[in-house]
file start_7.pdb (PDB, C-alpha atoms)
MODEL        1
ATOM      1  CA  MET T  71      -9.882  27.586 -74.653
ATOM      2  CA  ILE T  72      -9.848  24.821 -77.265
ATOM      3  CA  GLN T  73      -6.902  23.190 -75.503
ATOM      4  CA  ASP T  74      -8.985  23.038 -72.333
ATOM      5  CA  GLU T  75     -11.865  21.404 -74.220
ATOM      6  CA  ILE T  76      -9.552  18.754 -75.652
ATOM      7  CA  GLY T  77      -8.628  17.462 -72.214
ATOM      8  CA  VAL T  78      -7.981  13.745 -72.383
ATOM      9  CA  LEU T  79      -9.111  13.437 -75.994
ATOM     10  CA  THR T  80      -5.552  13.091 -77.254
ATOM     11  CA  GLN T  81      -4.775   9.378 -77.411
ATOM     12  CA  ILE T  82      -7.572   7.356 -79.065
ATOM     13  CA  LEU T  83     -10.750   8.548 -80.765
ATOM     14  CA  GLN T  84     -13.386   9.278 -78.136
ATOM     15  CA  TRP T  85     -16.082  11.793 -77.316
ATOM     16  CA  ARG T  86     -17.477  13.589 -74.299
ATOM     17  CA  CYS T  87     -20.328  15.988 -73.619
ATOM     18  CA  ILE T  88     -18.929  19.391 -72.700
ATOM     19  CA  GLU T  89     -22.233  21.268 -72.371
ATOM     20  CA  SER T  90     -25.837  20.242 -71.798
ATOM     21  CA  ARG T  91     -28.923  22.216 -70.924
ATOM     22  CA  MET T  92     -32.710  22.177 -71.017
ATOM     23  CA  GLU T  93     -33.992  25.378 -72.582
ATOM     24  CA  SER T  94     -37.618  24.641 -71.566
ATOM     25  CA  LYS T  95     -39.852  21.569 -71.241
ATOM     26  CA  ARG T  96     -39.107  20.638 -74.814
ATOM     27  CA  PRO T  97     -35.915  21.931 -76.459
ATOM     28  CA  LEU T  98     -32.775  20.157 -75.241
ATOM     29  CA  TYR T  99     -29.240  21.195 -76.170
ATOM     30  CA  GLY T 100     -25.975  19.268 -76.106
ATOM     31  CA  ARG T 101     -22.445  20.092 -77.235
ATOM     32  CA  PHE T 102     -19.965  17.286 -77.824
ATOM     33  CA  ALA T 103     -16.226  17.123 -78.512
ATOM     34  CA  ILE T 104     -14.881  14.230 -80.586
ATOM     35  CA  SER T 105     -11.110  13.804 -81.041
ATOM     36  CA  PRO T 106      -8.432  13.179 -82.182
ATOM     37  CA  PHE T 107      -8.895  12.953 -85.963
ATOM     38  CA  ARG T 108      -6.289  13.010 -88.659
ATOM     39  CA  ARG T 109      -6.397  16.075 -90.875
ATOM     40  CA  GLY T 110      -9.604  16.022 -92.953
ATOM     41  CA  GLN T 111     -11.347  13.254 -91.004
ATOM     42  CA  ALA T 112     -13.247  15.546 -88.629
ATOM     43  CA  ASN T 113     -14.939  17.327 -91.514
ATOM     44  CA  THR T 114     -15.919  13.987 -93.055
ATOM     45  CA  VAL T 115     -17.580  12.824 -89.827
ATOM     46  CA  GLY T 116     -19.133  16.251 -89.232
ATOM     47  CA  ILE T 117     -20.822  16.280 -92.646
ATOM     48  CA  ALA T 118     -22.118  12.719 -92.175
ATOM     49  CA  MET T 119     -23.558  13.478 -88.719
ATOM     50  CA  ARG T 120     -24.998  16.776 -89.937
ATOM     51  CA  ARG T 121     -27.053  14.885 -92.506
ATOM     52  CA  ALA T 122     -27.838  11.748 -90.476
ATOM     53  CA  LEU T 123     -29.141  13.518 -87.360
ATOM     54  CA  PRO T 124     -32.112  15.318 -88.998
ATOM     55  CA  ASN T 125     -32.876  12.741 -91.698
ATOM     56  CA  GLU T 126     -32.141   9.257 -90.299
ATOM     57  CA  ILE T 127     -33.707   9.375 -86.825
ATOM     58  CA  GLU T 128     -37.322   8.332 -86.401
ATOM     59  CA  GLY T 129     -39.845  10.432 -84.542
ATOM     60  CA  ALA T 130     -43.575  10.289 -83.795
ATOM     61  CA  SER T 131     -46.197  12.759 -84.912
ATOM     62  CA  ILE T 132     -49.965  13.198 -85.213
ATOM     63  CA  THR T 133     -50.827  12.536 -88.863
ATOM     64  CA  SER T 134     -54.608  12.973 -88.882
ATOM     65  CA  ALA T 135     -57.539  14.009 -86.690
ATOM     66  CA  GLU T 136     -61.134  12.822 -86.945
ATOM     67  CA  ILE T 137     -63.652  15.400 -85.716
ATOM     68  CA  LYS T 138     -67.148  14.055 -86.208
ATOM     69  CA  LYS T 139     -69.887  16.189 -87.772
ATOM     70  CA  VAL T 140     -67.280  18.604 -89.163
ATOM     71  CA  ARG T 141     -66.994  18.582 -92.951
ATOM     72  CA  HIS T 142     -64.489  21.320 -93.719
ATOM     73  CA  GLU T 143     -61.079  22.348 -92.375
ATOM     74  CA  TYR T 144     -62.099  26.002 -92.183
ATOM     75  CA  SER T 145     -65.363  25.356 -90.345
ATOM     76  CA  THR T 146     -66.158  27.071 -87.063
ATOM     77  CA  ILE T 147     -68.152  25.548 -84.213
ATOM     78  CA  THR T 148     -70.282  27.589 -81.870
ATOM     79  CA  GLY T 149     -68.788  27.409 -78.400
ATOM     80  CA  ILE T 150     -65.224  26.704 -79.626
ATOM     81  CA  ARG T 151     -62.917  29.697 -79.793
ATOM     82  CA  GLU T 152     -60.610  28.441 -82.576
ATOM     83  CA  SER T 153     -61.504  27.285 -86.062
ATOM     84  CA  ILE T 154     -60.856  23.673 -87.063
ATOM     85  CA  HIS T 155     -57.815  24.864 -89.032
ATOM     86  CA  ASP T 156     -56.324  26.504 -85.930
ATOM     87  CA  ILE T 157     -56.962  23.367 -83.858
ATOM     88  CA  LEU T 158     -55.119  21.250 -86.454
ATOM     89  CA  ILE T 159     -52.170  23.669 -86.393
ATOM     90  CA  ASN T 160     -51.992  23.360 -82.592
ATOM     91  CA  LEU T 161     -52.147  19.543 -82.782
ATOM     92  CA  LYS T 162     -49.231  19.614 -85.213
ATOM     93  CA  GLU T 163     -47.062  21.337 -82.563
ATOM     94  CA  ILE T 164     -47.543  18.595 -79.949
ATOM     95  CA  VAL T 165     -44.293  16.674 -79.323
ATOM     96  CA  ILE T 166     -44.812  12.929 -78.957
ATOM     97  CA  LYS T 167     -42.561   9.962 -78.178
ATOM     98  CA  SER T 168     -43.723   6.519 -79.312
ATOM     99  CA  ASP T 169     -42.125   3.169 -78.498
ATOM    100  CA  SER T 170     -44.235   1.318 -81.063
ATOM    101  CA  CYS T 171     -43.521   0.892 -84.769
ATOM    102  CA  GLU T 172     -47.245   0.471 -85.438
ATOM    103  CA  PRO T 173     -49.748   3.374 -85.867
ATOM    104  CA  GLN T 174     -51.440   4.275 -82.595
ATOM    105  CA  LYS T 175     -54.750   5.937 -81.700
ATOM    106  CA  ALA T 176     -55.271   8.715 -79.144
ATOM    107  CA  TYR T 177     -58.449  10.491 -78.084
ATOM    108  CA  ILE T 178     -59.726  13.814 -76.815
ATOM    109  CA  SER T 179     -63.152  13.727 -75.174
ATOM    110  CA  ILE T 180     -63.871  16.966 -73.297
ATOM    111  CA  TYR T 181     -66.970  18.779 -72.059
ATOM    112  CA  GLY T 182     -66.812  22.567 -71.709
ATOM    113  CA  PRO T 183     -66.384  25.212 -70.756
ATOM    114  CA  LYS T 184     -62.691  24.320 -70.529
ATOM    115  CA  LYS T 185     -59.230  25.186 -71.812
ATOM    116  CA  VAL T 186     -58.006  22.117 -73.711
ATOM    117  CA  THR T 187     -54.311  21.224 -73.620
ATOM    118  CA  ALA T 188     -52.194  18.195 -74.502
ATOM    119  CA  GLN T 189     -52.822  16.918 -70.971
ATOM    120  CA  ASP T 190     -56.392  16.102 -72.054
ATOM    121  CA  ILE T 191     -55.232  13.660 -74.735
ATOM    122  CA  LYS T 192     -55.715  10.008 -73.774
ATOM    123  CA  VAL T 193     -52.782   8.073 -75.222
ATOM    124  CA  PRO T 194     -51.908   4.327 -75.235
ATOM    125  CA  PRO T 195     -49.135   3.033 -72.923
ATOM    126  CA  SER T 196     -46.562   3.059 -75.734
ATOM    127  CA  VAL T 197     -47.026   6.805 -76.367
ATOM    128  CA  ARG T 198     -45.890   9.703 -74.189
ATOM    129  CA  ILE T 199     -46.568  13.421 -74.594
ATOM    130  CA  ILE T 200     -43.471  15.494 -73.846
ATOM    131  CA  ASP T 201     -45.133  18.824 -72.990
ATOM    132  CA  ASP T 202     -48.649  18.360 -71.647
ATOM    133  CA  THR T 203     -49.164  22.139 -71.355
ATOM    134  CA  GLN T 204     -49.271  22.553 -75.160
ATOM    135  CA  TYR T 205     -52.424  24.548 -75.976
ATOM    136  CA  ILE T 206     -55.053  23.054 -78.325
ATOM    137  CA  THR T 207     -58.289  25.076 -78.019
ATOM    138  CA  THR T 208     -60.815  26.594 -75.618
ATOM    139  CA  LEU T 209     -64.442  25.539 -75.162
ATOM    140  CA  THR T 210     -66.373  28.676 -74.190
ATOM    141  CA  GLU T 211     -69.756  26.986 -73.718
ATOM    142  CA  ALA T 212     -71.193  23.764 -72.300
ATOM    143  CA  ILE T 213     -70.529  21.632 -75.360
ATOM    144  CA  SER T 214     -68.543  18.467 -75.982
ATOM    145  CA  LEU T 215     -65.487  18.026 -78.180
ATOM    146  CA  ASP T 216     -64.499  14.565 -79.419
ATOM    147  CA  ILE T 217     -61.396  14.042 -81.551
ATOM    148  CA  GLU T 218     -59.711  10.810 -82.607
ATOM    149  CA  LEU T 219     -56.001  11.203 -83.400
ATOM    150  CA  ASN T 220     -53.789   8.968 -85.515
ATOM    151  CA  ILE T 221     -50.134   8.768 -84.398
ATOM    152  CA  GLU T 222     -47.404   7.369 -86.619
ATOM    153  CA  LYS T 223     -43.646   6.935 -86.495
ATOM    154  CA  ASP T 224     -41.425   7.834 -89.441
ATOM    155  CA  CYS T 225     -38.481   9.951 -90.595
ATOM    156  CA  GLY T 226     -38.384  13.382 -92.148
ATOM    157  CA  TYR T 227     -41.417  15.470 -93.101
ATOM    158  CA  ARG T 228     -44.681  14.289 -94.644
ATOM    159  CA  ILE T 229     -47.105  16.499 -96.565
ATOM    160  CA  GLU T 230     -50.500  14.837 -96.534
ATOM    161  CA  ASN T 231     -52.755  14.511 -99.568
ATOM    162  CA  LEU T 232     -56.075  16.203 -98.816
ATOM    163  CA  GLN T 233     -57.875  14.193-101.512
ATOM    164  CA  GLY T 234     -57.078  10.921 -99.795
ATOM    165  CA  TYR T 235     -59.340  11.601 -96.803
ATOM    166  CA  LYS T 236     -63.073  11.547 -96.345
ATOM    167  CA  ASP T 237     -65.362  13.897 -94.457
ATOM    168  CA  SER T 238     -64.587  14.488 -90.757
ATOM    169  CA  ILE T 239     -61.028  13.145 -91.126
ATOM    170  CA  PHE T 240     -58.432  15.884 -91.539
ATOM    171  CA  PRO T 241     -54.803  15.150 -92.504
ATOM    172  CA  ILE T 242     -51.997  16.941 -90.648
ATOM    173  CA  ASP T 243     -48.609  17.666 -92.188
ATOM    174  CA  ALA T 244     -46.360  15.628 -89.912
ATOM    175  CA  VAL T 245     -42.880  16.583 -88.707
ATOM    176  CA  PHE T 246     -41.217  13.317 -87.670
ATOM    177  CA  MET T 247     -37.811  14.924 -87.070
ATOM    178  CA  PRO T 248     -36.948  15.037 -83.339
ATOM    179  CA  ILE T 249     -33.760  16.949 -84.205
ATOM    180  CA  ARG T 250     -34.444  20.662 -84.480
ATOM    181  CA  ASN T 251     -30.958  21.848 -85.416
ATOM    182  CA  VAL T 252     -27.384  20.572 -85.833
ATOM    183  CA  ASN T 253     -24.162  22.521 -86.081
ATOM    184  CA  TYR T 254     -20.520  21.458 -86.177
ATOM    185  CA  SER T 255     -17.102  23.061 -86.274
ATOM    186  CA  VAL T 256     -13.566  21.708 -86.719
ATOM    187  CA  HIS T 257     -10.441  22.966 -84.933
ATOM    188  CA  SER T 258      -6.832  21.882 -85.308
ATOM    189  CA  PHE T 259      -4.296  21.285 -82.544
ATOM    190  CA  GLU T 260      -0.792  19.873 -82.325
ATOM    191  CA  ILE T 261       0.155  16.757 -80.402
ATOM    192  CA  LYS T 262       3.637  15.204 -80.507
ATOM    193  CA  GLU T 263       4.533  17.419 -83.459
ATOM    194  CA  LYS T 264       1.555  16.108 -85.454
ATOM    195  CA  ILE T 265      -1.504  18.130 -86.503
ATOM    196  CA  LYS T 266      -4.752  16.611 -85.239
ATOM    197  CA  GLU T 267      -8.358  17.789 -85.417
ATOM    198  CA  ILE T 268     -11.187  18.025 -82.909
ATOM    199  CA  LEU T 269     -14.847  18.019 -83.948
ATOM    200  CA  PHE T 270     -17.374  20.065 -81.957
ATOM    201  CA  LEU T 271     -20.947  18.901 -82.553
ATOM    202  CA  GLU T 272     -24.009  20.851 -81.326
ATOM    203  CA  ILE T 273     -27.412  19.151 -81.245
ATOM    204  CA  TRP T 274     -30.841  20.616 -80.451
ATOM    205  CA  THR T 275     -33.765  18.180 -79.983
ATOM    206  CA  ASP T 276     -37.507  18.650 -79.422
ATOM    207  CA  GLY T 277     -37.340  16.889 -76.047
ATOM    208  CA  SER T 278     -38.554  13.464 -77.201
ATOM    209  CA  LEU T 279     -34.951  12.253 -76.933
ATOM    210  CA  THR T 280     -31.778  13.708 -75.479
ATOM    211  CA  PRO T 281     -28.882  14.986 -77.629
ATOM    212  CA  LYS T 282     -26.799  12.069 -76.334
ATOM    213  CA  GLU T 283     -29.454   9.557 -77.451
ATOM    214  CA  ALA T 284     -29.632  11.336 -80.807
ATOM    215  CA  LEU T 285     -25.863  11.014 -81.236
ATOM    216  CA  TYR T 286     -26.018   7.270 -80.506
ATOM    217  CA  GLU T 287     -28.993   6.748 -82.839
ATOM    218  CA  ALA T 288     -27.451   8.659 -85.745
ATOM    219  CA  SER T 289     -24.191   6.713 -85.329
ATOM    220  CA  ARG T 290     -26.051   3.388 -85.337
ATOM    221  CA  ASN T 291     -27.989   4.381 -88.457
ATOM    222  CA  LEU T 292     -24.805   5.346 -90.277
ATOM    223  CA  ILE T 293     -23.321   1.953 -89.369
ATOM    224  CA  ASP T 294     -26.516   0.323 -90.601
ATOM    225  CA  LEU T 295     -26.124   1.983 -94.005
ATOM    226  CA  PHE T 296     -22.705   0.388 -94.453
ATOM    227  CA  ILE T 297     -23.558  -3.090 -93.132
ATOM    228  CA  PRO T 298     -24.526  -4.405 -96.617
ATOM    229  CA  LEU T 299     -21.124  -3.306 -97.902
ATOM    230  CA  ILE T 300     -19.335  -5.090 -95.053
ATOM    231  CA  ASN T 301     -21.380  -8.268 -95.564
ATOM    232  CA  SER T 302     -21.038  -8.390 -99.337
ATOM    233  CA  GLU T 303     -18.320 -10.567-100.814
ATOM    234  CA  LYS T 304     -16.874 -10.107-104.259
ATOM    235  CA  ARG T 305     -17.120 -13.533-105.907
ATOM    236  CA  GLU T 306     -16.203 -12.636-109.462
ATOM    237  CA  ILE T 307     -12.508 -12.351-110.324
ATOM    238  CA  ASN T 308     -11.459 -10.607-113.502
ATOM    239  CA  SER T 309      -9.086 -13.234-114.907
ATOM    240  CA  GLY T 310      -8.127 -11.004-117.821
ATOM    241  CA  VAL T 311      -6.479  -8.368-115.604
ATOM    242  CA  GLU T 312      -2.873  -9.085-114.728
ATOM    243  CA  GLU T 313      -1.989  -8.549-111.096
ATOM    244  CA  PRO T 314       1.052  -6.415-110.219
ATOM    245  CA  LYS T 315       4.132  -8.519-109.482
ATOM    246  CA  GLU T 316       5.278  -6.362-106.610
ATOM    247  CA  SER T 317       3.308  -4.596-103.929
ATOM    248  CA  ASN T 318       4.028  -2.839-100.667
ATOM    249  CA  THR T 319       0.809  -4.252 -99.190
ATOM    250  CA  PRO T 320       1.002  -7.761 -97.700
ATOM    251  CA  SER T 321      -1.072 -10.248 -99.662
ATOM    252  CA  LEU T 322      -3.713 -12.078 -97.603
ATOM    253  CA  PRO T 323      -5.982 -14.916 -98.717
ATOM    254  CA  PHE T 324      -9.423 -13.619 -99.704
ATOM    255  CA  GLN T 325     -11.236 -16.122 -97.484
ATOM    256  CA  LEU T 326      -9.270 -14.895 -94.457
ATOM    257  CA  ILE T 327     -10.215 -11.281 -95.158
ATOM    258  CA  SER T 328     -13.874 -12.249 -95.635
ATOM    259  CA  SER T 329     -13.907 -14.195 -92.374
ATOM    260  CA  ASP T 330     -12.389 -11.288 -90.472
ATOM    261  CA  MET T 331     -15.018  -8.932 -91.872
ATOM    262  CA  ARG T 332     -17.873 -11.200 -90.807
ATOM    263  CA  GLU T 333     -16.407 -11.569 -87.328
ATOM    264  CA  MET T 334     -15.920  -7.815 -87.018
ATOM    265  CA  THR T 335     -19.514  -7.223 -88.116
ATOM    266  CA  LYS T 336     -20.920  -9.646 -85.555
ATOM    267  CA  ASP T 337     -18.752  -8.570 -82.639
ATOM    268  CA  THR T 338     -18.767  -4.820 -83.218
ATOM    269  CA  ALA T 339     -21.401  -3.418 -85.532
ATOM    270  CA  PHE T 340     -24.309  -5.651 -84.501
ATOM    271  CA  LYS T 341     -23.843  -4.718 -80.835
ATOM    272  CA  HIS T 342     -24.860  -1.164 -81.755
ATOM    273  CA  ILE T 343     -27.783  -1.934 -84.066
ATOM    274  CA  PHE T 344     -31.111  -2.259 -82.285
ATOM    275  CA  ILE T 345     -33.836  -4.674 -83.394
ATOM    276  CA  ASP T 346     -35.931  -1.626 -84.297
ATOM    277  CA  GLN T 347     -34.027  -1.714 -87.614
ATOM    278  CA  LEU T 348     -35.791  -4.993 -88.474
ATOM    279  CA  GLU T 349     -39.161  -3.171 -88.510
ATOM    280  CA  LEU T 350     -40.931  -6.160 -86.968
ATOM    281  CA  PRO T 351     -44.647  -6.247 -86.169
ATOM    282  CA  ALA T 352     -45.537  -5.109 -82.663
ATOM    283  CA  ARG T 353     -46.120  -8.635 -81.303
ATOM    284  CA  ALA T 354     -42.745 -10.025 -82.384
ATOM    285  CA  TYR T 355     -40.935  -6.846 -81.329
ATOM    286  CA  ASN T 356     -42.477  -6.758 -77.836
ATOM    287  CA  CYS T 357     -41.825 -10.485 -77.229
ATOM    288  CA  LEU T 358     -38.143 -10.046 -78.046
ATOM    289  CA  LYS T 359     -37.863  -7.012 -75.778
ATOM    290  CA  ARG T 360     -39.405  -8.977 -72.895
ATOM    291  CA  VAL T 361     -36.589 -11.536 -73.069
ATOM    292  CA  ASP T 362     -33.946  -8.767 -73.189
ATOM    293  CA  VAL T 363     -33.216  -9.011 -76.902
ATOM    294  CA  HIS T 364     -32.412  -5.404 -77.720
ATOM    295  CA  THR T 365     -29.751  -5.569 -80.440
ATOM    296  CA  ILE T 366     -29.006  -7.718 -83.475
ATOM    297  CA  ALA T 367     -26.086  -9.218 -81.539
ATOM    298  CA  ASP T 368     -28.536 -10.326 -78.817
ATOM    299  CA  LEU T 369     -30.764 -11.909 -81.455
ATOM    300  CA  LEU T 370     -27.863 -13.844 -83.010
ATOM    301  CA  ASN T 371     -27.511 -15.755 -79.738
ATOM    302  CA  TYR T 372     -30.857 -17.457 -80.515
ATOM    303  CA  THR T 373     -31.644 -20.325 -82.871
ATOM    304  CA  GLU T 374     -34.987 -20.941 -84.591
ATOM    305  CA  ASN T 375     -35.920 -23.446 -81.870
ATOM    306  CA  ASP T 376     -34.999 -20.926 -79.173
ATOM    307  CA  LEU T 377     -37.309 -18.329 -80.711
ATOM    308  CA  VAL T 378     -40.227 -20.769 -80.866
ATOM    309  CA  LYS T 379     -39.884 -21.371 -77.107
ATOM    310  CA  ILE T 380     -40.389 -17.662 -76.304
ATOM    311  CA  LYS T 381     -43.788 -17.155 -74.681
ATOM    312  CA  ASN T 382     -46.512 -15.929 -77.072
ATOM    313  CA  PHE T 383     -44.005 -15.761 -79.960
ATOM    314  CA  GLY T 384     -45.313 -18.388 -82.361
ATOM    315  CA  ARG T 385     -44.123 -19.774 -85.687
ATOM    316  CA  LYS T 386     -45.405 -16.769 -87.660
ATOM    317  CA  SER T 387     -43.312 -14.394 -85.569
ATOM    318  CA  VAL T 388     -40.264 -16.626 -86.065
ATOM    319  CA  GLU T 389     -40.750 -16.475 -89.830
ATOM    320  CA  GLN T 390     -41.046 -12.689 -89.677
ATOM    321  CA  VAL T 391     -37.766 -12.441 -87.765
ATOM    322  CA  LEU T 392     -35.965 -14.829 -90.142
ATOM    323  CA  GLU T 393     -37.197 -12.937 -93.188
ATOM    324  CA  ALA T 394     -36.208  -9.554 -91.721
ATOM    325  CA  LEU T 395     -32.699 -10.797 -90.850
ATOM    326  CA  LYS T 396     -32.275 -12.252 -94.320
ATOM    327  CA  ASN T 397     -33.536  -9.192 -96.213
ATOM    328  CA  ARG T 398     -31.911  -6.584 -93.991
ATOM    329  CA  PHE T 399     -28.552  -8.133 -93.067
ATOM    330  CA  SER T 400     -28.241 -11.336 -95.156
ATOM    331  CA  ILE T 401     -28.180 -13.390 -91.940
ATOM    332  CA  HIS T 402     -29.567 -16.917 -91.493
ATOM    333  CA  LEU T 403     -30.188 -18.276 -87.988
ATOM    334  CA  SER T 404     -29.382 -21.925 -87.348
ATOM    335  CA  GLU T 405     -32.327 -24.235 -86.737
ATOM    336  CA  LYS T 406     -30.924 -25.808 -83.563
TER
ENDMDL
END

call {"tool": "encode", "arguments": {"input": "start_7.pdb", "output": "C-alpha cells"}}
result
Amino acid sequence: MIQDEIGVLTQILQWRCIESRMESKRPLYGRFAISPFRRGQANTVGIAMRRALPNEIEGASITSAEIKKVRHEYSTITGIRESIHDILINLKEIVIKSDSCEPQKAYISIYGPKKVTAQDIKVPPSVRIIDDTQYITTLTEAISLDIELNIEKDCGYRIENLQGYKDSIFPIDAVFMPIRNVNYSVHSFEIKEKIKEILFLEIWTDGSLTPKEALYEASRNLIDLFIPLINSEKREINSGVEEPKESNTPSLPFQLISSDMREMTKDTAFKHIFIDQLELPARAYNCLKRVDVHTIADLLNYTENDLVKIKNFGRKSVEQVLEALKNRFSIHLSEK
C-alpha cells in the first residue's frame, strides 16, 4: 500500500495530498505524503512540522464580552435560559477567521423570545464566522440582550486575568490555535538500491483554514525563523586559530558565499513569506494588499519613493514599513 502512496514521489522532494475530507461544518482533515528523504530526514521534518503547526500559526478568537448591567460571571438574568458563565463558554467555542491584525469589535443585539446562535453576531467585513449555527443562548421572554465582543488574532492559548477587567466586561480564555491535531509517521522504501523515507503528515483544522493552507503557513513560519541566520554574516575571524592545510572541501571566497546566500534569500525564501510577518498597522497593510503586494519579495520591488506614491499610504506608513523590514529581516529599501 505504501508503494502505491509513493507514486511519483521518487525523484525530487515533493508533496501531494492523498486524502482530504470535511468531517462537519468545522473540522477539516488532510493527509499528505512528502518524499523522498534520506534516512533520518523525514523524522526531522516531521518533528518540526508537528511543533510548528499548532504553535506558529495565528488564529482569531473572542477574548472578552461586555454585557451591560451584569456585574458577575455567575449571574443569572430572568428571561435568559443560561447563566452568564454558560454564555461565555458558548462564545469561546465560536470559530472565527480574521483578515486583520488589529483587534476587532462584534455585536449581538437581540430581542426575545429567540434562540441565539452565531448567526446573530454582527461582525466587521474583515471577520468571518465559520459555523453560524453555533449555539449561544435562548431568550425565553420578551427581553433584549446586548453584548459587545472583542476579537483578537494571536498564536497559542491565552488565559485571561480576571483582575484586569472592570464590571460588565468578562474575559474569555482564548484558543487561537486553528490546528486541532497533528500526526505524522515515517516509512522506508528502496529506490535504485538506496533506502529512502516517505513522511505521512495528518492535519486536522477547526475550519478557519484548510489543512493545505496550514501546511503552507507552517512551512513559511519555519523559514521565517531561519531567515536571521541566513542573513547574518560572520565578520570576526579568529586569527589565532590555524587553518588546516588540506581539505576535501573546495575553498570559496567568503564574499562569494555571502552574496549567494543573500541572492538565495531574496529569490527563494522571501517569495514564501507574506507581509503579515511584518505586523504592520491595518492602514499600511491594506494599502499594500490593494496594490498586490502580498509577499516580502513583492515589497522588495518597491523603493521608498514608490511606496509614497501608493494612494492613501503616506510618509508615516512608509516609515513603518522601513522599520519593520529593518527590524525583522535586516533589509533596507533604496530611496529611488

call {"tool": "atom_distance", "arguments": {"input": "start_7.pdb", "atom1": "CA of Ile229 in chain T", "atom2": "CA of Tyr177 in chain T"}}
result
22.5 Å

call {"tool": "resolve_selection", "arguments": {"input": "start_7.pdb", "expression": "the PyMOL selection byres ((chain T and resi 201-214) around 7)", "output": "list of chain:residue names"}}
result
T:Lys95, T:Arg96, T:Gly149, T:Ile150, T:Arg151, T:Glu152, T:Ile157, T:Asn160, T:Leu161, T:Ile164, T:Val165, T:Ile180, T:Tyr181, T:Gly182, T:Pro183, T:Lys184, T:Lys185, T:Val186, T:Thr187, T:Ala188, T:Gln189, T:Ile199, T:Ile200, T:Leu215, T:Asp216

call {"tool": "axis_aligned_box", "arguments": {"input": "start_7.pdb", "around": "range 274-284 of chain T", "padding_each_side": "8 Å", "output": "lines of an AutoDock Vina configuration file"}}
result
center_x = -32.7
center_y = 15.1
center_z = -78.1
size_x = 27.8
size_y = 27.1
size_z = 21.3

call {"tool": "resolve_selection", "arguments": {"input": "start_7.pdb", "expression": "the PyMOL selection byres ((chain T and resi 281) around 10)", "output": "list in words"}}
result
Cys87, Ser90, Arg91, Pro97, Leu98, Tyr99, Gly100, Arg101, Phe102, Leu123, Pro248, Ile249, Glu272, Ile273, Trp274, Thr275, Asp276, Gly277, Ser278, Leu279, Thr280, Lys282, Glu283, Ala284, Leu285, Tyr286 and Glu287 of chain T

call {"tool": "residues_around", "arguments": {"input": "start_7.pdb", "residues": "Arg290 in chain T", "least_positions_apart": "6", "cutoff": "12 Å", "atoms": "all atoms listed in the file", "output": "list in words"}}
result
Met119, Ala122, Leu123, Glu126, Ile127, Glu283, Ala284, Phe296, Ile297, Thr338, Ala339, Phe340, Lys341, His342, Ile343, Phe344, Ile345, Asp346, Gln347, Thr365 and Ile366 of chain T

call {"tool": "residues_around", "arguments": {"input": "start_7.pdb", "residues": "Arg228 in chain T", "least_positions_apart": "6", "cutoff": "10 Å", "atoms": "all atoms listed in the file", "output": "list in words"}}
result
Ser131, Thr133, Ile242, Asp243, Ala244, Val245 and Phe246 of chain T

call {"tool": "atom_distance", "arguments": {"input": "start_7.pdb", "atom1": "CA of Ala394 in chain T", "atom2": "CA of Ala352 in chain T"}}
result
13.7 Å

call {"tool": "resolve_selection", "arguments": {"input": "start_7.pdb", "expression": "the PyMOL selection byres ((chain T and resi 376-389) around 8)", "output": "JSON list (two decimals) with C-alpha atoms, in the coordinates of the input"}}
result
[["chain", "number", "residue", "atom", "x", "y", "z"],
["T", 353, "ARG", "CA", -46.12, -8.64, -81.30],
["T", 354, "ALA", "CA", -42.74, -10.02, -82.38],
["T", 357, "CYS", "CA", -41.82, -10.48, -77.23],
["T", 361, "VAL", "CA", -36.59, -11.54, -73.07],
["T", 372, "TYR", "CA", -30.86, -17.46, -80.52],
["T", 373, "THR", "CA", -31.64, -20.32, -82.87],
["T", 374, "GLU", "CA", -34.99, -20.94, -84.59],
["T", 375, "ASN", "CA", -35.92, -23.45, -81.87],
["T", 390, "GLN", "CA", -41.05, -12.69, -89.68],
["T", 391, "VAL", "CA", -37.77, -12.44, -87.76],
["T", 392, "LEU", "CA", -35.97, -14.83, -90.14],
["T", 393, "GLU", "CA", -37.20, -12.94, -93.19],
["T", 406, "LYS", "CA", -30.92, -25.81, -83.56]]

call {"tool": "residues_near_point", "arguments": {"input": "start_7.pdb", "point": "(-15.9, 15.3, -90.5)", "cutoff": "10 Å", "atoms": "only C-alpha atoms", "output": "PyMOL selection string"}}
result
chain T and resi 107+109-120+254-256+267-270

call {"tool": "atom_distance", "arguments": {"input": "start_7.pdb", "atom1": "CA of Lys262 in chain T", "atom2": "CA of Ile88 in chain T"}}
result
24.2 Å

call {"tool": "closest_residue", "arguments": {"input": "start_7.pdb", "among": "T:Gly129, T:Trp85, T:Ser289, T:Tyr144", "to": "Ser105 in chain T", "atoms": "all atoms listed in the file"}}
result
T:Trp85

call {"tool": "closest_residue", "arguments": {"input": "start_7.pdb", "among": "T:Asn356, T:Asn371, T:Ser258, T:Ser134", "to": "Glu230 in chain T", "atoms": "all atoms listed in the file"}}
result
T:Ser134
